[in-house]
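Beneath this line is the structure, given in structure tokens, with notes to follow.
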Amino acid sequence: MMHNAWWTLKWREMKASKHSYFLLAPYMVLFMLFTVLPVIISIILSFTYFNMLEFPRFVGWQNYTRLFLEDDIFLTAMKNTLMFAAITGPVSYLACFIFAWIINELSPKVRAFMTLVFYAPSISGNVYFIWLIIFSGDRYGIANGLLLKLGVILEPILWLKTESYIMPIIILVQLWLSLGTGFLAFIAGLQTVDTTLYEAGAVDGIRNRWQELWYITLPSMRPQLMFGAVIQLTTSFAVADVSIALAGFPSVNYAAETIVTHLIDYGTTRFEMGFASAIATVLFVLMVGMNLIVQKLLHKVGE
């Protein structure tokens, strides 16, 4: 009886909001068609052998057992991706917020200029060319030239061909590129905080800027904080372009191999679509899991 009453109540609410559902319908159809459906198909394909020439053949958990028990390169890619995400995710997230917080205190014209300066690297075309010049392996590379001139090294270092240097360089470049959409979201969020809350906070006993930040500013921009976290996490887990552009494909001894470059290898080079779908599913689960953890952490802000 209670179940029927619940459905009756929900149906009335839906009828009352029918115009909203009508306006949402075009987006929801496209979202289901081009986002949800491909994810579901990919998960289904991960349990098959599919080479794009024959009809998919069900193989059960074979792709996953091969992935974790037989594919040493995938384990290297997983280690690299987790290390990359553990460093670039939190650091870039904090950097985005700190720079946005500082820039928000400036006058409108200066703020607009500084926003452009910080955001520019993330939208620049072929930006990796600059870093290829900096870390060129000959004596004409900027890093080698400077170190040779200072007498720190006696011969040029092959920065992007030496395993121990590849990952730190890629992390550095990604951090430089990371002030993107999340940074703009934080700027927008800081602009929407109600200034009267600071006056009310001062009356209630808030005495310094740090208390203002924790108890007023951050709780007021939780949606932007969540959006920025999703963007930064997705970017850090889905790293591929910077690795391919700087270290090559594949990199030396797979030193810069990530889950996405491994996925590209099997999906677009070898056309083992079932195995590639298994890699994509593992990455999807990792991203969703990390986003849920971050969401719980952000709910504690201001407590």
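Here's how to read the names in the structure tokens: chain A, B, ... by the order shown, residue numbers from 1 in each chain, ligand numbers from 1 in the order shown.
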Contacts of region 158-191 of chain A with region 89-93 of chain A up to 10 Å, shortest pair per row, only C-alpha atoms, as JSON lines:
{"residue": "A:Gln174", "atom": "CA", "partner": "A:Ser92", "partner_atom": "CA", "distance": 8.7}
{"residue": "A:Leu175", "atom": "CA", "partner": "A:Ser92", "partner_atom": "CA", "distance": 5.9}
{"residue": "A:Trp176", "atom": "CA", "partner": "A:Ser92", "partner_atom": "CA", "distance": 8.6}
{"residue": "A:Leu177", "atom": "CA", "partner": "A:Ser92", "partner_atom": "CA", "distance": 9.1}
{"residue": "A:Ser178", "atom": "CA", "partner": "A:Ser92", "partner_atom": "CA", "distance": 5.9}
{"residue": "A:Leu179", "atom": "CA", "partner": "A:Ser92", "partner_atom": "CA", "distance": 7.2}
{"residue": "A:Gly180", "atom": "CA", "partner": "A:Ser92", "partner_atom": "CA", "distance": 9.8}
{"residue": "A:Gly182", "atom": "CA", "partner": "A:Tyr93", "partner_atom": "CA", "distance": 7.7}
{"residue": "A:Phe183", "atom": "CA", "partner": "A:Tyr93", "partner_atom": "CA", "distance": 8.3}
{"residue": "A:Phe186", "atom": "CA", "partner": "A:Tyr93", "partner_atom": "CA", "distance": 10.0}
Atomic separation - CA of Ala200 (chain A) relative to CA of Asn104 (chain A), Å
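About the pair CA of Asn104 (chain A) and CA of Ala200 (chain A): they are 20.8 Å apart.
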Which residues are close to Ser42 (chain A), i.e. within 9 Å by only C-alpha atoms, leaving aside same-chain residues fewer than 4 positions away? Reply as a list in words.
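Selected residues are Leu37, Pro38, Ser46, Met273, Gly274, Ala276, Ser277, Ala278, Ala280 and Thr281 of chain A.
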Please report the interatomic distance between CA of Val59 (chain A) and CA of Tyr266 (chain A) in Å with one decimal.
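Going from CA of Val59 (chain A) over to CA of Tyr266 (chain A), I get 17.2 Å.
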Which of these residues is nearest to Ile170 (chain A), using only C-alpha atoms: A:Met78, A:Met226, A:Met28, A:Ala247?
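Closest to Ile170 (chain A) of all the choices is A:Ala247.
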Excluding Tyr64 (chain A) and any residue of its chain fewer than 3 positions from it, enumerate the residues within 8 Å of it, using only C-alpha atoms, and give them as a PyMOL selection string.
chain A and resi 61+67-68+275+278
For N, CA and C atoms, I'd like the residues from the last selection saved as a JSON list (two decimals), in the first residue's frame.
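Listed below is the output, selection25.json:
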[["chain", "number", "residue", "atom", "x", "y", "z"],
["A", 61, "TRP", "N", 35.51, -14.20, -18.25],
["A", 61, "TRP", "CA", 36.48, -13.34, -17.56],
["A", 61, "TRP", "C", 37.88, -13.45, -18.16],
["A", 67, "LEU", "N", 44.54, -9.69, -18.43],
["A", 67, "LEU", "CA", 44.95, -8.32, -18.14],
["A", 67, "LEU", "C", 45.77, -8.24, -16.85],
["A", 68, "PHE", "N", 45.29, -8.89, -15.79],
["A", 68, "PHE", "CA", 45.93, -8.77, -14.48],
["A", 68, "PHE", "C", 46.98, -9.85, -14.19],
["A", 275, "PHE", "N", 39.57, -6.98, -25.59],
["A", 275, "PHE", "CA", 40.61, -6.73, -24.60],
["A", 275, "PHE", "C", 40.70, -5.23, -24.29],
["A", 278, "ALA", "N", 38.02, -4.26, -21.98],
["A", 278, "ALA", "CA", 38.33, -4.65, -20.59],
["A", 278, "ALA", "C", 39.22, -3.59, -19.93]]
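The protein and nucleic acid residues lying at most 12 Å from Asp194 (chain A) are Gly189, Glu199, Ala200, Gly201, Ile216, Thr217, Leu218, Pro219, Ser220 and Met221 of chain A, with only C-alpha atoms considered and sequence neighbours fewer than 5 positions away removed.
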With N, CA, C and O atoms retained, write the just-selected residues as a PDB file, in the first residue's frame.
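Output file out.pdb is given in full below:
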ATOM      1  N   GLY A 189      33.152  30.284  -9.239  1.00  0.00           N
ATOM      2  CA  GLY A 189      32.588  29.988  -7.928  1.00  0.00           C
ATOM      3  C   GLY A 189      32.894  31.058  -6.905  1.00  0.00           C
ATOM      4  O   GLY A 189      32.022  31.458  -6.112  1.00  0.00           O
ATOM      5  N   GLU A 199      30.201  39.204   6.496  1.00  0.00           N
ATOM      6  CA  GLU A 199      29.808  40.122   7.571  1.00  0.00           C
ATOM      7  C   GLU A 199      29.112  39.347   8.688  1.00  0.00           C
ATOM      8  O   GLU A 199      29.383  39.569   9.883  1.00  0.00           O
ATOM      9  N   ALA A 200      28.228  38.416   8.292  1.00  0.00           N
ATOM     10  CA  ALA A 200      27.531  37.592   9.287  1.00  0.00           C
ATOM     11  C   ALA A 200      28.521  36.706  10.044  1.00  0.00           C
ATOM     12  O   ALA A 200      28.390  36.491  11.251  1.00  0.00           O
ATOM     13  N   GLY A 201      29.541  36.201   9.325  1.00  0.00           N
ATOM     14  CA  GLY A 201      30.569  35.364   9.943  1.00  0.00           C
ATOM     15  C   GLY A 201      31.378  36.135  10.975  1.00  0.00           C
ATOM     16  O   GLY A 201      31.719  35.603  12.034  1.00  0.00           O
ATOM     17  N   ILE A 216      33.064  29.600   5.233  1.00  0.00           N
ATOM     18  CA  ILE A 216      32.146  30.360   4.362  1.00  0.00           C
ATOM     19  C   ILE A 216      32.429  30.124   2.878  1.00  0.00           C
ATOM     20  O   ILE A 216      31.553  29.670   2.138  1.00  0.00           O
ATOM     21  N   THR A 217      33.674  30.433   2.452  1.00  0.00           N
ATOM     22  CA  THR A 217      33.986  30.385   1.017  1.00  0.00           C
ATOM     23  C   THR A 217      33.829  28.985   0.433  1.00  0.00           C
ATOM     24  O   THR A 217      33.102  28.791  -0.551  1.00  0.00           O
ATOM     25  N   LEU A 218      34.510  27.996   1.021  1.00  0.00           N
ATOM     26  CA  LEU A 218      34.475  26.634   0.477  1.00  0.00           C
ATOM     27  C   LEU A 218      33.074  26.008   0.507  1.00  0.00           C
ATOM     28  O   LEU A 218      32.629  25.455  -0.501  1.00  0.00           O
ATOM     29  N   PRO A 219      32.330  26.090   1.640  1.00  0.00           N
ATOM     30  CA  PRO A 219      30.965  25.535   1.614  1.00  0.00           C
ATOM     31  C   PRO A 219      30.051  26.208   0.604  1.00  0.00           C
ATOM     32  O   PRO A 219      29.134  25.571   0.064  1.00  0.00           O
ATOM     33  N   SER A 220      30.305  27.505   0.317  1.00  0.00           N
ATOM     34  CA  SER A 220      29.451  28.233  -0.631  1.00  0.00           C
ATOM     35  C   SER A 220      29.689  27.828  -2.079  1.00  0.00           C
ATOM     36  O   SER A 220      28.855  28.102  -2.951  1.00  0.00           O
ATOM     37  N   MET A 221      30.838  27.220  -2.356  1.00  0.00           N
ATOM     38  CA  MET A 221      31.148  26.849  -3.741  1.00  0.00           C
ATOM     39  C   MET A 221      31.374  25.346  -3.883  1.00  0.00           C
ATOM     40  O   MET A 221      32.205  24.912  -4.679  1.00  0.00           O
TER      41      MET A 221
END
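Neighbours of Gly289 (chain A) closer than or equal to 12 Å, with only C-alpha atoms counted and sequence neighbours fewer than 4 positions away skipped, come out as Val230, Leu233, Thr234, Phe237, Val282, Leu283, Phe284, Val285, Ile293, Val294, Gln295 and Lys296 of chain A.
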Give me a file of those residues, with N, CA, C and O atoms, as a PDB file, in the first residue's frame.
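And here is the file that came out, selection_2.pdb:
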ATOM      1  N   VAL A 230      36.225  16.489 -10.321  1.00  0.00           N
ATOM      2  CA  VAL A 230      35.929  15.517 -11.388  1.00  0.00           C
ATOM      3  C   VAL A 230      36.813  15.772 -12.599  1.00  0.00           C
ATOM      4  O   VAL A 230      37.392  14.839 -13.169  1.00  0.00           O
ATOM      5  N   LEU A 233      40.565  14.870 -11.716  1.00  0.00           N
ATOM      6  CA  LEU A 233      40.750  13.424 -11.591  1.00  0.00           C
ATOM      7  C   LEU A 233      40.678  12.737 -12.946  1.00  0.00           C
ATOM      8  O   LEU A 233      41.489  11.871 -13.270  1.00  0.00           O
ATOM      9  N   THR A 234      39.680  13.136 -13.740  1.00  0.00           N
ATOM     10  CA  THR A 234      39.530  12.551 -15.071  1.00  0.00           C
ATOM     11  C   THR A 234      40.757  12.816 -15.923  1.00  0.00           C
ATOM     12  O   THR A 234      41.262  11.918 -16.608  1.00  0.00           O
ATOM     13  N   PHE A 237      43.780  10.640 -14.648  1.00  0.00           N
ATOM     14  CA  PHE A 237      43.674   9.216 -14.950  1.00  0.00           C
ATOM     15  C   PHE A 237      43.705   8.951 -16.454  1.00  0.00           C
ATOM     16  O   PHE A 237      44.127   7.879 -16.887  1.00  0.00           O
ATOM     17  N   VAL A 282      38.154  -1.214 -16.650  1.00  0.00           N
ATOM     18  CA  VAL A 282      38.985  -1.062 -15.440  1.00  0.00           C
ATOM     19  C   VAL A 282      39.222   0.424 -15.156  1.00  0.00           C
ATOM     20  O   VAL A 282      39.100   0.884 -14.009  1.00  0.00           O
ATOM     21  N   LEU A 283      39.525   1.194 -16.195  1.00  0.00           N
ATOM     22  CA  LEU A 283      39.752   2.631 -16.045  1.00  0.00           C
ATOM     23  C   LEU A 283      38.471   3.325 -15.575  1.00  0.00           C
ATOM     24  O   LEU A 283      38.517   4.208 -14.699  1.00  0.00           O
ATOM     25  N   PHE A 284      37.336   2.924 -16.126  1.00  0.00           N
ATOM     26  CA  PHE A 284      36.038   3.492 -15.750  1.00  0.00           C
ATOM     27  C   PHE A 284      35.751   3.247 -14.266  1.00  0.00           C
ATOM     28  O   PHE A 284      35.356   4.155 -13.533  1.00  0.00           O
ATOM     29  N   VAL A 285      35.988   2.025 -13.800  1.00  0.00           N
ATOM     30  CA  VAL A 285      35.756   1.682 -12.384  1.00  0.00           C
ATOM     31  C   VAL A 285      36.694   2.489 -11.484  1.00  0.00           C
ATOM     32  O   VAL A 285      36.283   2.988 -10.423  1.00  0.00           O
ATOM     33  N   ILE A 293      34.983   8.741  -3.661  1.00  0.00           N
ATOM     34  CA  ILE A 293      35.799   9.052  -2.471  1.00  0.00           C
ATOM     35  C   ILE A 293      35.954  10.566  -2.315  1.00  0.00           C
ATOM     36  O   ILE A 293      35.785  11.119  -1.221  1.00  0.00           O
ATOM     37  N   VAL A 294      36.262  11.250  -3.433  1.00  0.00           N
ATOM     38  CA  VAL A 294      36.441  12.709  -3.400  1.00  0.00           C
ATOM     39  C   VAL A 294      35.135  13.399  -3.005  1.00  0.00           C
ATOM     40  O   VAL A 294      35.131  14.374  -2.239  1.00  0.00           O
ATOM     41  N   GLN A 295      34.013  12.893  -3.520  1.00  0.00           N
ATOM     42  CA  GLN A 295      32.708  13.469  -3.190  1.00  0.00           C
ATOM     43  C   GLN A 295      32.444  13.394  -1.683  1.00  0.00           C
ATOM     44  O   GLN A 295      31.969  14.355  -1.074  1.00  0.00           O
ATOM     45  N   LYS A 296      32.782  12.242  -1.066  1.00  0.00           N
ATOM     46  CA  LYS A 296      32.594  12.112   0.389  1.00  0.00           C
ATOM     47  C   LYS A 296      33.504  13.068   1.161  1.00  0.00           C
ATOM     48  O   LYS A 296      33.098  13.651   2.170  1.00  0.00           O
TER      49      LYS A 296
END
All strand (DSSP E) residues (DSSP, backbone) inside region 43-283 of chain A, as an NGL selection string:
:A and (48-49 or 57-58)
Quick one: pick out all alpha helix (DSSP H) residues within region 210-276 of chain A from a backbone DSSP run and write them as a PyMOL selection string.
chain A and resi 210-212+218-220+222-237+241-247+259-264+273-276
Now that the selection is made, can you save its residues with N, CA, C and O atoms as a compact mmCIF listing (two decimals), in the first residue's frame?
# COMPACT_ATOMS: atom_id res chain seq x y z
N TRP A 210 41.57 32.48 7.07
CA TRP A 210 41.53 31.02 6.98
C TRP A 210 40.20 30.48 7.46
O TRP A 210 39.64 29.54 6.87
N GLN A 211 39.69 31.06 8.54
CA GLN A 211 38.36 30.65 9.01
C GLN A 211 37.27 31.03 8.01
O GLN A 211 36.33 30.28 7.80
N GLU A 212 37.40 32.20 7.39
CA GLU A 212 36.47 32.61 6.33
C GLU A 212 36.47 31.61 5.19
O GLU A 212 35.43 31.21 4.68
N LEU A 218 34.51 28.00 1.02
CA LEU A 218 34.47 26.63 0.48
C LEU A 218 33.07 26.01 0.51
O LEU A 218 32.63 25.46 -0.50
N PRO A 219 32.33 26.09 1.64
CA PRO A 219 30.96 25.53 1.61
C PRO A 219 30.05 26.21 0.60
O PRO A 219 29.13 25.57 0.06
N SER A 220 30.31 27.51 0.32
CA SER A 220 29.45 28.23 -0.63
C SER A 220 29.69 27.83 -2.08
O SER A 220 28.86 28.10 -2.95
N ARG A 222 30.61 24.53 -3.11
CA ARG A 222 30.74 23.08 -3.20
C ARG A 222 30.51 22.54 -4.61
O ARG A 222 31.23 21.64 -5.04
N PRO A 223 29.50 23.04 -5.37
CA PRO A 223 29.31 22.52 -6.74
C PRO A 223 30.54 22.72 -7.62
O PRO A 223 30.93 21.82 -8.37
N GLN A 224 31.17 23.91 -7.53
CA GLN A 224 32.37 24.18 -8.32
C GLN A 224 33.55 23.33 -7.86
O GLN A 224 34.35 22.87 -8.67
N LEU A 225 33.64 23.09 -6.53
CA LEU A 225 34.71 22.23 -6.01
C LEU A 225 34.55 20.81 -6.53
O LEU A 225 35.53 20.16 -6.90
N MET A 226 33.31 20.33 -6.58
CA MET A 226 33.05 18.98 -7.07
C MET A 226 33.35 18.89 -8.56
O MET A 226 33.98 17.93 -9.02
N PHE A 227 32.92 19.89 -9.31
CA PHE A 227 33.17 19.91 -10.75
C PHE A 227 34.67 19.93 -11.03
O PHE A 227 35.17 19.18 -11.87
N GLY A 228 35.40 20.78 -10.30
CA GLY A 228 36.85 20.86 -10.48
C GLY A 228 37.53 19.55 -10.14
O GLY A 228 38.48 19.13 -10.82
N ALA A 229 37.05 18.87 -9.07
CA ALA A 229 37.63 17.59 -8.67
C ALA A 229 37.43 16.54 -9.75
O ALA A 229 38.35 15.77 -10.07
N VAL A 230 36.22 16.49 -10.32
CA VAL A 230 35.93 15.52 -11.39
C VAL A 230 36.81 15.77 -12.60
O VAL A 230 37.39 14.84 -13.17
N ILE A 231 36.95 17.04 -12.99
CA ILE A 231 37.77 17.40 -14.14
C ILE A 231 39.23 17.02 -13.91
O ILE A 231 39.89 16.40 -14.77
N GLN A 232 39.77 17.38 -12.74
CA GLN A 232 41.18 17.12 -12.47
C GLN A 232 41.47 15.62 -12.35
O GLN A 232 42.49 15.14 -12.85
N LEU A 233 40.57 14.87 -11.72
CA LEU A 233 40.75 13.42 -11.59
C LEU A 233 40.68 12.74 -12.95
O LEU A 233 41.49 11.87 -13.27
N THR A 234 39.68 13.14 -13.74
CA THR A 234 39.53 12.55 -15.07
C THR A 234 40.76 12.82 -15.92
O THR A 234 41.26 11.92 -16.61
N THR A 235 41.26 14.05 -15.86
CA THR A 235 42.45 14.42 -16.62
C THR A 235 43.67 13.62 -16.18
O THR A 235 44.46 13.14 -17.00
N SER A 236 43.83 13.44 -14.86
CA SER A 236 45.01 12.75 -14.35
C SER A 236 44.98 11.25 -14.65
O SER A 236 46.01 10.64 -14.91
N PHE A 237 43.78 10.64 -14.65
CA PHE A 237 43.67 9.22 -14.95
C PHE A 237 43.71 8.95 -16.45
O PHE A 237 44.13 7.88 -16.89
N ASP A 241 48.00 12.02 -24.18
CA ASP A 241 48.57 12.93 -25.19
C ASP A 241 49.97 13.40 -24.82
O ASP A 241 50.88 13.40 -25.65
N VAL A 242 50.13 13.82 -23.55
CA VAL A 242 51.43 14.34 -23.13
C VAL A 242 52.49 13.24 -23.15
O VAL A 242 53.64 13.47 -23.53
N SER A 243 52.10 12.02 -22.80
CA SER A 243 53.03 10.89 -22.81
C SER A 243 53.47 10.56 -24.24
O SER A 243 54.66 10.38 -24.51
N ILE A 244 52.50 10.50 -25.16
CA ILE A 244 52.81 10.16 -26.56
C ILE A 244 53.64 11.25 -27.21
O ILE A 244 54.61 10.98 -27.92
N ALA A 245 53.27 12.52 -26.95
CA ALA A 245 53.96 13.65 -27.59
C ALA A 245 55.41 13.78 -27.14
O ALA A 245 56.29 14.09 -27.94
N LEU A 246 55.68 13.52 -25.86
CA LEU A 246 57.03 13.73 -25.33
C LEU A 246 57.88 12.47 -25.35
O LEU A 246 59.06 12.52 -25.71
N ALA A 247 57.30 11.34 -24.95
CA ALA A 247 58.10 10.12 -24.79
C ALA A 247 57.96 9.15 -25.95
O ALA A 247 58.67 8.15 -26.01
N ILE A 259 47.39 3.70 -18.68
CA ILE A 259 46.26 2.85 -19.03
C ILE A 259 45.67 3.26 -20.37
O ILE A 259 45.31 2.41 -21.19
N VAL A 260 45.59 4.57 -20.62
CA VAL A 260 44.99 5.04 -21.88
C VAL A 260 45.89 4.74 -23.08
O VAL A 260 45.39 4.36 -24.14
N THR A 261 47.21 4.89 -22.94
CA THR A 261 48.09 4.55 -24.07
C THR A 261 48.05 3.05 -24.34
O THR A 261 48.12 2.61 -25.48
N HIS A 262 47.89 2.24 -23.29
CA HIS A 262 47.74 0.78 -23.45
C HIS A 262 46.42 0.48 -24.17
O HIS A 262 46.36 -0.39 -25.04
N LEU A 263 45.39 1.23 -23.80
CA LEU A 263 44.09 1.09 -24.46
C LEU A 263 44.17 1.46 -25.94
O LEU A 263 43.63 0.76 -26.81
N ILE A 264 44.88 2.55 -26.24
CA ILE A 264 45.05 2.99 -27.63
C ILE A 264 45.80 1.92 -28.42
O ILE A 264 45.46 1.63 -29.58
N MET A 273 39.39 -5.51 -29.76
CA MET A 273 38.41 -4.63 -29.14
C MET A 273 37.86 -5.18 -27.82
O MET A 273 37.51 -4.41 -26.93
N GLY A 274 37.77 -6.49 -27.70
CA GLY A 274 37.31 -7.07 -26.44
C GLY A 274 38.28 -6.78 -25.32
O GLY A 274 37.90 -6.36 -24.21
N PHE A 275 39.57 -6.98 -25.59
CA PHE A 275 40.61 -6.73 -24.60
C PHE A 275 40.70 -5.23 -24.29
O PHE A 275 40.85 -4.83 -23.13
N ALA A 276 40.60 -4.41 -25.34
CA ALA A 276 40.62 -2.95 -25.15
C ALA A 276 39.43 -2.50 -24.30
O ALA A 276 39.56 -1.60 -23.46
Residue nearest Ala240 (chain A) among A:Phe55, A:Phe135, A:Tyr215, A:Phe84 (counting only C-alpha atoms)
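Among the listed residues, A:Phe84 lies closest to Ala240 (chain A).
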